[in-house]
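> Questions regarding the structure given below will be posed in turn.
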Amino acid sequence: MRLDFTPEQEAFRKEVRDWLDEQLAGPFAHVRGLEGTSEGITERFEWERHLGRTGWNTLAWPKAFGGRQIDLMEQVLYHEEYARSGAPGRLSHVGLELVAPTIMMFGNDEQRARFLPQTALVEIVWAQLFSEPNAGSDLANVQTRARLEERPDGDVWVIEGQKIWSSFAQYSQWGMALVRTEPGSVGAKGLSMLLIPMQGKGIDIRPISQMTGGSSFNEVFFDSAETPANNVVGAPGEGWKVAMGTLMFERGGATLGQQMGFRAELDRIIRVAKANGAARDPGIAKRIARAQAELRTMRYTALRMLSSTGGNRAALTYKLYYTSWHQRLGELAMDVMGAAGEIAEPGSDAYRLQKMYLESRSDSIWAGTSQIQRNIIAERGLGLPREAKPAK
Ligand SMILES: Cc1cc2nc3c(=O)[nH]c(=O)nc-3n(C[C@H](O)[C@H](O)[C@H](O)COP(=O)(O)OP(=O)(O)OC[C@H]3O[C@@H](n4cnc5c(N)ncnc54)[C@H](O)[C@@H]3O)c2cc1C
């Protein structure tokens, strides 16, 4: 395991740091510190389009698709510096980190040429339309269906059904949807991955109000919505294979760089605890010290995963570990603030920590719940027998 970085990696870190500091002290100073899923949406999209125009959205993309093709360690360095700089969380994550790699891997040349450049520039914002009311952990139970209809001006898929928890769908121009295209099929068979224009007729996007006060996700209803026949990624009927590819991107590298953001949150808790005297409470002091030690453990685990070759069972445990750590950090923040945390004013440390606490509740749900992560660790990591499934 390597605990230090090469001179080239340090040079890359400096390049990223200098550029971000320059932007966030200058033309984009107003986006620094915007957080959560509802603050400064318009300004943040402008910032993300600026990142696209200046080439910072596609650092990890292959050179063949206009990217810089940096390696995984550099991706982590980039994400670390991004979080350290105070730049806001990304709203175009679905397009850049999930849809684009899926189109690169499973799409055809026409789809790559049509969608990748605009996705890189955040001219297209994407929604990931996988989950349904009865198809979340059991994703293969998708019931939204599409039928191919012949039309004089070109065949179309006609879509009926409902999706839910579609992050940022209210801002999206396009959606990538897992739908059933073979009538009567069950489970992972007979599914297809469709690219669907979200502003078209027959689509109703309804934001869901969340306890944070924002609306980051939505219900999406399809009532004879349409997309041209060639907007299928991979072969019709092979949607499951494509979806598994997308989820691999979701659970992989995209989550590895967030420790610098955690560091900033922990530092904020320490600042508040010192200011309001909570740090003198031995129980609080112990929990803060423990959070610090565990964050360091996560860092070494991430470095071990990155320098590992071949089988890497540690990677299976990472999401479960960091999400439960983050939820405990949220609880610690609320205990440090006491009653003041309940009525925090926007813009204050207390307000940001309160939002962090509330948003951390979803960490153990998105991209595979903690229960599902434990199943994965048991089955793939420890080789235990596979979970019994009801016959379909
Ligand atoms: C912040 C956030 C953003 C999201 N964004 C998107 C998005 O953009 N697009 C999208 O398609 N989806 C999105 N989702 C949905 C997310 O993928 C699902 O919520 C998740 O897969 C869980 O599915 P579910 O909510 O239907 O819960 P269910 O699958 O109904 O699970 C309910 C409970 O039962 C447990 N459970 C289920 N099956 C098992 C099992 N076999 N063994 C043990 N326990 C089990 C689960 O762990 C959970 O605790 C988002 C979710 C969140 C929280």
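Chain labels run A, B, ... following the order of the structure tokens; each chain numbers its residues from 1, and ligands are numbered from 1 in the order shown.
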Residues at most 8 Å from ligand 1, using only C-alpha atoms and all ligand atoms? Could they come as a ChimeraX atom specification?
/A:94,127-139,163-169,216-217,359,362-372,375,387
> Show which residues sit within 9 Å of stretch 23-33 of chain A, as a list in words. Count only C-alpha atoms, and ignore same-chain residues fewer than 6 positions away.
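Counting only the stated atoms, we get Gly40, Glu43, Arg44, Trp47, Ser85, Gly86, Ala87 and Pro88 of chain A.
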> What is the distance between atom CA of A:Glu150 and atom CA of A:Val233, in Å to one decimal?
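Computing the Euclidean distance for atom CA of A:Glu150 and atom CA of A:Val233 yields 19.2 Å.
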> In terms of the shortest atom-to-atom distance over only C-alpha atoms, which of A:Arg290, A:Arg13, A:Arg114, A:Arg49 is closest to A:Tyr82?
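Selected residue with least distance to A:Tyr82: A:Arg13.
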> Can you list every residue in stretch 105-309 of chain A that DSSP puts in strand (DSSP E or B), as a PyMOL selection string?
chain A and resi 126-129+132+135+145-149+156-167+174-180+191-197+203-207+217-228+232-233+238
> What's the 10 Å shell around A:Pro117, counting only C-alpha atoms, without same-chain residues fewer than 2 positions away, as an NGL selection string?
:A and (52 or 58 or 65-66 or 100 or 112-115 or 119-124)
> Just write the chosen residues, C-alpha atoms, as a compact mmCIF listing (two decimals), in the first residue's frame.

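And here is the file that came out, part.txt:
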# COMPACT_ATOMS: atom_id res chain seq x y z
CA GLY A 52 -17.57 21.76 -18.93
CA THR A 58 -14.22 15.11 -18.54
CA PHE A 65 -14.39 10.76 -26.23
CA GLY A 66 -12.64 14.08 -25.64
CA ALA A 100 -22.05 9.03 -20.16
CA ARG A 112 -21.97 8.74 -28.53
CA ALA A 113 -21.58 11.54 -31.08
CA ARG A 114 -25.00 12.95 -30.30
CA PHE A 115 -25.06 12.84 -26.51
CA THR A 119 -23.45 15.96 -21.59
CA ALA A 120 -19.84 17.07 -21.01
CA LEU A 121 -20.91 20.70 -21.39
CA VAL A 122 -23.96 20.17 -19.12
CA GLU A 123 -26.16 21.34 -21.98
CA ILE A 124 -27.97 18.08 -21.35
> At a cut-off of 7 Å, using only C-alpha atoms, what residues contact stretch 325-340 of chain A? Leave out same-chain residues fewer than 4 positions from it and give the result as a ChimeraX atom specification.
/A:269,273,278,321,344,350,353-354,356-357,360-361
> How would the residues just picked look written out with N, CA, C and O atoms as a PDB file, in the first residue's frame?

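This went into again04.pdb:
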ATOM      1  N   ILE A 269     -17.855  20.689  12.882  1.00  0.00           N
ATOM      2  CA  ILE A 269     -18.361  20.213  14.184  1.00  0.00           C
ATOM      3  C   ILE A 269     -17.376  20.592  15.294  1.00  0.00           C
ATOM      4  O   ILE A 269     -17.776  21.063  16.375  1.00  0.00           O
ATOM      5  N   ALA A 273     -18.143  22.851  18.477  1.00  0.00           N
ATOM      6  CA  ALA A 273     -17.981  22.258  19.816  1.00  0.00           C
ATOM      7  C   ALA A 273     -17.053  23.103  20.676  1.00  0.00           C
ATOM      8  O   ALA A 273     -17.276  23.247  21.891  1.00  0.00           O
ATOM      9  N   ALA A 278     -19.274  22.478  24.050  1.00  0.00           N
ATOM     10  CA  ALA A 278     -19.596  21.044  24.025  1.00  0.00           C
ATOM     11  C   ALA A 278     -18.320  20.189  24.051  1.00  0.00           C
ATOM     12  O   ALA A 278     -18.336  19.055  24.538  1.00  0.00           O
ATOM     13  N   TYR A 321     -19.513   1.119   5.165  1.00  0.00           N
ATOM     14  CA  TYR A 321     -18.730   1.760   6.217  1.00  0.00           C
ATOM     15  C   TYR A 321     -18.926   3.277   6.201  1.00  0.00           C
ATOM     16  O   TYR A 321     -19.234   3.895   7.211  1.00  0.00           O
ATOM     17  N   ALA A 344     -31.702  26.581  13.558  1.00  0.00           N
ATOM     18  CA  ALA A 344     -30.548  27.259  12.965  1.00  0.00           C
ATOM     19  C   ALA A 344     -30.935  28.226  11.850  1.00  0.00           C
ATOM     20  O   ALA A 344     -31.843  27.955  11.068  1.00  0.00           O
ATOM     21  N   ALA A 350     -24.477  26.007  12.150  1.00  0.00           N
ATOM     22  CA  ALA A 350     -25.512  25.123  12.689  1.00  0.00           C
ATOM     23  C   ALA A 350     -26.499  24.697  11.605  1.00  0.00           C
ATOM     24  O   ALA A 350     -26.924  23.538  11.530  1.00  0.00           O
ATOM     25  N   LEU A 353     -24.879  22.094   9.385  1.00  0.00           N
ATOM     26  CA  LEU A 353     -24.762  20.796  10.065  1.00  0.00           C
ATOM     27  C   LEU A 353     -26.129  20.127  10.198  1.00  0.00           C
ATOM     28  O   LEU A 353     -26.244  18.901  10.075  1.00  0.00           O
ATOM     29  N   GLN A 354     -27.157  20.937  10.418  1.00  0.00           N
ATOM     30  CA  GLN A 354     -28.509  20.370  10.497  1.00  0.00           C
ATOM     31  C   GLN A 354     -28.891  19.718   9.159  1.00  0.00           C
ATOM     32  O   GLN A 354     -29.410  18.604   9.110  1.00  0.00           O
ATOM     33  N   MET A 356     -26.829  18.627   6.891  1.00  0.00           N
ATOM     34  CA  MET A 356     -25.982  17.444   6.719  1.00  0.00           C
ATOM     35  C   MET A 356     -26.582  16.242   7.456  1.00  0.00           C
ATOM     36  O   MET A 356     -26.661  15.138   6.925  1.00  0.00           O
ATOM     37  N   TYR A 357     -27.051  16.490   8.679  1.00  0.00           N
ATOM     38  CA  TYR A 357     -27.669  15.416   9.465  1.00  0.00           C
ATOM     39  C   TYR A 357     -28.883  14.846   8.724  1.00  0.00           C
ATOM     40  O   TYR A 357     -29.019  13.632   8.557  1.00  0.00           O
ATOM     41  N   SER A 360     -27.919  13.007   5.504  1.00  0.00           N
ATOM     42  CA  SER A 360     -27.177  11.754   5.713  1.00  0.00           C
ATOM     43  C   SER A 360     -28.117  10.568   5.912  1.00  0.00           C
ATOM     44  O   SER A 360     -27.706   9.423   5.766  1.00  0.00           O
ATOM     45  N   ARG A 361     -29.382  10.842   6.233  1.00  0.00           N
ATOM     46  CA  ARG A 361     -30.330   9.721   6.418  1.00  0.00           C
ATOM     47  C   ARG A 361     -30.478   8.936   5.115  1.00  0.00           C
ATOM     48  O   ARG A 361     -30.769   7.747   5.133  1.00  0.00           O
TER      49      ARG A 361
END
> As an exercise, work out the distance from atom CA of A:Gln292 to atom CA of A:Ile343 in Å and give it to one decimal place.
26.8 Å
> Let me make sure I understand: among A:Glu74, A:Glu22, A:Glu39, A:Glu80, which one has the smallest atom-to-atom distance to A:Gly261 if we use only C-alpha atoms?
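Of A:Glu74, A:Glu22, A:Glu39, A:Glu80, the one nearest A:Gly261, counting only C-alpha atoms, is A:Glu80.
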> Let me make sure I understand: among A:Gly234, A:Asn108, A:Val179, A:Phe249, which one has the smallest atom-to-atom distance to A:Leu96 if we use only C-alpha atoms?
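Selected residue with least distance to A:Leu96: A:Phe249.
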> Can you tell me which residues surround A:Ala11 at a distance of at most 12 Å, considering only C-alpha atoms, apart from same-chain residues fewer than 5 positions away, and format the answer as a list in words?
Phe5, Thr6, Val16, Arg17, Asp18, Glu74, Leu77 and Tyr78 of chain A
> What's the 12 Å shell around A:Arg145, counting only C-alpha atoms, without same-chain residues fewer than 3 positions away, as an NGL selection string?
:A and (132 or 141-142 or 148 or 157-163 or 177-186 or 190-194 or 221-226 or 237)
> Please, could you write that set of residues out with C-alpha atoms as an mmCIF file, in the first residue's frame?

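Output file part-v7.cif is given in full below:
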data_model
loop_
_atom_site.group_PDB
_atom_site.id
_atom_site.type_symbol
_atom_site.label_atom_id
_atom_site.label_comp_id
_atom_site.auth_asym_id
_atom_site.auth_seq_id
_atom_site.Cartn_x
_atom_site.Cartn_y
_atom_site.Cartn_z
ATOM 1 C CA GLU A 132 -40.210 2.343 -9.320
ATOM 2 C CA ASN A 141 -39.277 -6.062 -10.992
ATOM 3 C CA VAL A 142 -39.527 -2.990 -13.271
ATOM 4 C CA LEU A 148 -42.445 -0.242 -30.554
ATOM 5 C CA TRP A 157 -41.187 3.517 -28.443
ATOM 6 C CA VAL A 158 -44.437 4.386 -26.626
ATOM 7 C CA ILE A 159 -43.914 4.368 -22.860
ATOM 8 C CA GLU A 160 -46.412 3.815 -20.008
ATOM 9 C CA GLY A 161 -45.732 3.626 -16.285
ATOM 10 C CA GLN A 162 -44.130 5.360 -13.324
ATOM 11 C CA LYS A 163 -40.662 5.975 -11.936
ATOM 12 C CA ALA A 177 -34.919 4.573 -18.281
ATOM 13 C CA LEU A 178 -35.002 0.844 -17.624
ATOM 14 C CA VAL A 179 -38.303 -0.384 -19.085
ATOM 15 C CA ARG A 180 -40.002 -3.679 -19.971
ATOM 16 C CA THR A 181 -40.203 -4.103 -23.740
ATOM 17 C CA GLU A 182 -41.193 -7.776 -23.979
ATOM 18 C CA PRO A 183 -44.827 -8.237 -22.881
ATOM 19 C CA GLY A 184 -45.234 -11.048 -20.332
ATOM 20 C CA SER A 185 -41.522 -11.172 -19.468
ATOM 21 C CA VAL A 186 -40.506 -11.294 -15.809
ATOM 22 C CA GLY A 190 -37.239 -8.578 -21.576
ATOM 23 C CA LEU A 191 -35.954 -5.196 -20.312
ATOM 24 C CA SER A 192 -34.442 -2.424 -22.450
ATOM 25 C CA MET A 193 -32.580 0.792 -21.680
ATOM 26 C CA LEU A 194 -34.201 3.776 -23.402
ATOM 27 C CA PHE A 221 -45.224 9.486 -14.895
ATOM 28 C CA PHE A 222 -45.320 8.248 -18.503
ATOM 29 C CA ASP A 223 -48.669 8.394 -20.288
ATOM 30 C CA SER A 224 -48.014 7.386 -23.923
ATOM 31 C CA ALA A 225 -44.703 9.278 -23.881
ATOM 32 C CA GLU A 226 -42.536 8.717 -26.948
ATOM 33 C CA GLY A 237 -34.112 -6.988 -24.361
#
> How many Å separate atom CA of A:Glu81 from atom CA of A:Ala60?
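Atom CA of A:Ala60 lies 15.1 Å from atom CA of A:Glu81.
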> Enumerate as a list in words all residues of stretch 52-86 of chain A assigned to alpha helix (DSSP H) by DSSP on the backbone, naming them with the chain letters and numbers the document uses.
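Residues meeting the alpha helix (DSSP H) criterion: Gly52, Arg53, Leu72, Met73, Glu74, Gln75, Val76, Leu77, Tyr78, His79, Glu80, Glu81, Tyr82, Ala83 and Arg84 of chain A.
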> Take the selection from the previous step and output its residues with N, CA, C and O atoms, as a tab-separated table (two decimals), in the first residue's frame.

chain	number	residue	atom	x	y	z
A	52	GLY	N	-17.52	22.50	-17.66
A	52	GLY	CA	-17.57	21.76	-18.93
A	52	GLY	C	-16.79	22.47	-20.02
A	52	GLY	O	-15.98	21.85	-20.73
A	53	ARG	N	-17.01	23.78	-20.16
A	53	ARG	CA	-16.34	24.53	-21.24
A	53	ARG	C	-14.82	24.54	-21.05
A	53	ARG	O	-14.07	24.62	-22.01
A	72	LEU	N	-7.22	6.50	-11.73
A	72	LEU	CA	-8.13	6.52	-10.57
A	72	LEU	C	-7.57	7.35	-9.42
A	72	LEU	O	-8.30	8.10	-8.76
A	73	MET	N	-6.27	7.26	-9.19
A	73	MET	CA	-5.66	8.03	-8.10
A	73	MET	C	-5.81	9.53	-8.35
A	73	MET	O	-6.13	10.30	-7.45
A	74	GLU	N	-5.61	9.93	-9.59
A	74	GLU	CA	-5.78	11.35	-9.92
A	74	GLU	C	-7.25	11.78	-9.79
A	74	GLU	O	-7.54	12.91	-9.39
A	75	GLN	N	-8.15	10.85	-10.11
A	75	GLN	CA	-9.57	11.18	-9.93
A	75	GLN	C	-9.87	11.47	-8.47
A	75	GLN	O	-10.60	12.41	-8.13
A	76	VAL	N	-9.28	10.67	-7.59
A	76	VAL	CA	-9.49	10.89	-6.15
A	76	VAL	C	-8.90	12.23	-5.73
A	76	VAL	O	-9.52	13.00	-5.00
A	77	LEU	N	-7.69	12.51	-6.23
A	77	LEU	CA	-7.06	13.80	-5.90
A	77	LEU	C	-7.95	14.95	-6.37
A	77	LEU	O	-8.13	15.94	-5.66
A	78	TYR	N	-8.50	14.81	-7.58
A	78	TYR	CA	-9.39	15.86	-8.09
A	78	TYR	C	-10.59	16.05	-7.16
A	78	TYR	O	-10.92	17.17	-6.76
A	79	HIS	N	-11.25	14.93	-6.81
A	79	HIS	CA	-12.44	15.03	-5.95
A	79	HIS	C	-12.09	15.61	-4.58
A	79	HIS	O	-12.85	16.38	-4.00
A	80	GLU	N	-10.92	15.24	-4.07
A	80	GLU	CA	-10.48	15.78	-2.77
A	80	GLU	C	-10.31	17.29	-2.84
A	80	GLU	O	-10.78	18.03	-1.98
A	81	GLU	N	-9.63	17.73	-3.89
A	81	GLU	CA	-9.39	19.17	-4.02
A	81	GLU	C	-10.69	19.92	-4.26
A	81	GLU	O	-10.88	21.04	-3.79
A	82	TYR	N	-11.59	19.29	-5.01
A	82	TYR	CA	-12.88	19.91	-5.29
A	82	TYR	C	-13.63	20.15	-3.96
A	82	TYR	O	-14.12	21.25	-3.70
A	83	ALA	N	-13.67	19.09	-3.12
A	83	ALA	CA	-14.38	19.23	-1.84
A	83	ALA	C	-13.66	20.23	-0.94
A	83	ALA	O	-14.31	21.05	-0.27
A	84	ARG	N	-12.33	20.20	-0.92
A	84	ARG	CA	-11.57	21.11	-0.07
A	84	ARG	C	-11.81	22.57	-0.44
A	84	ARG	O	-11.89	23.45	0.41
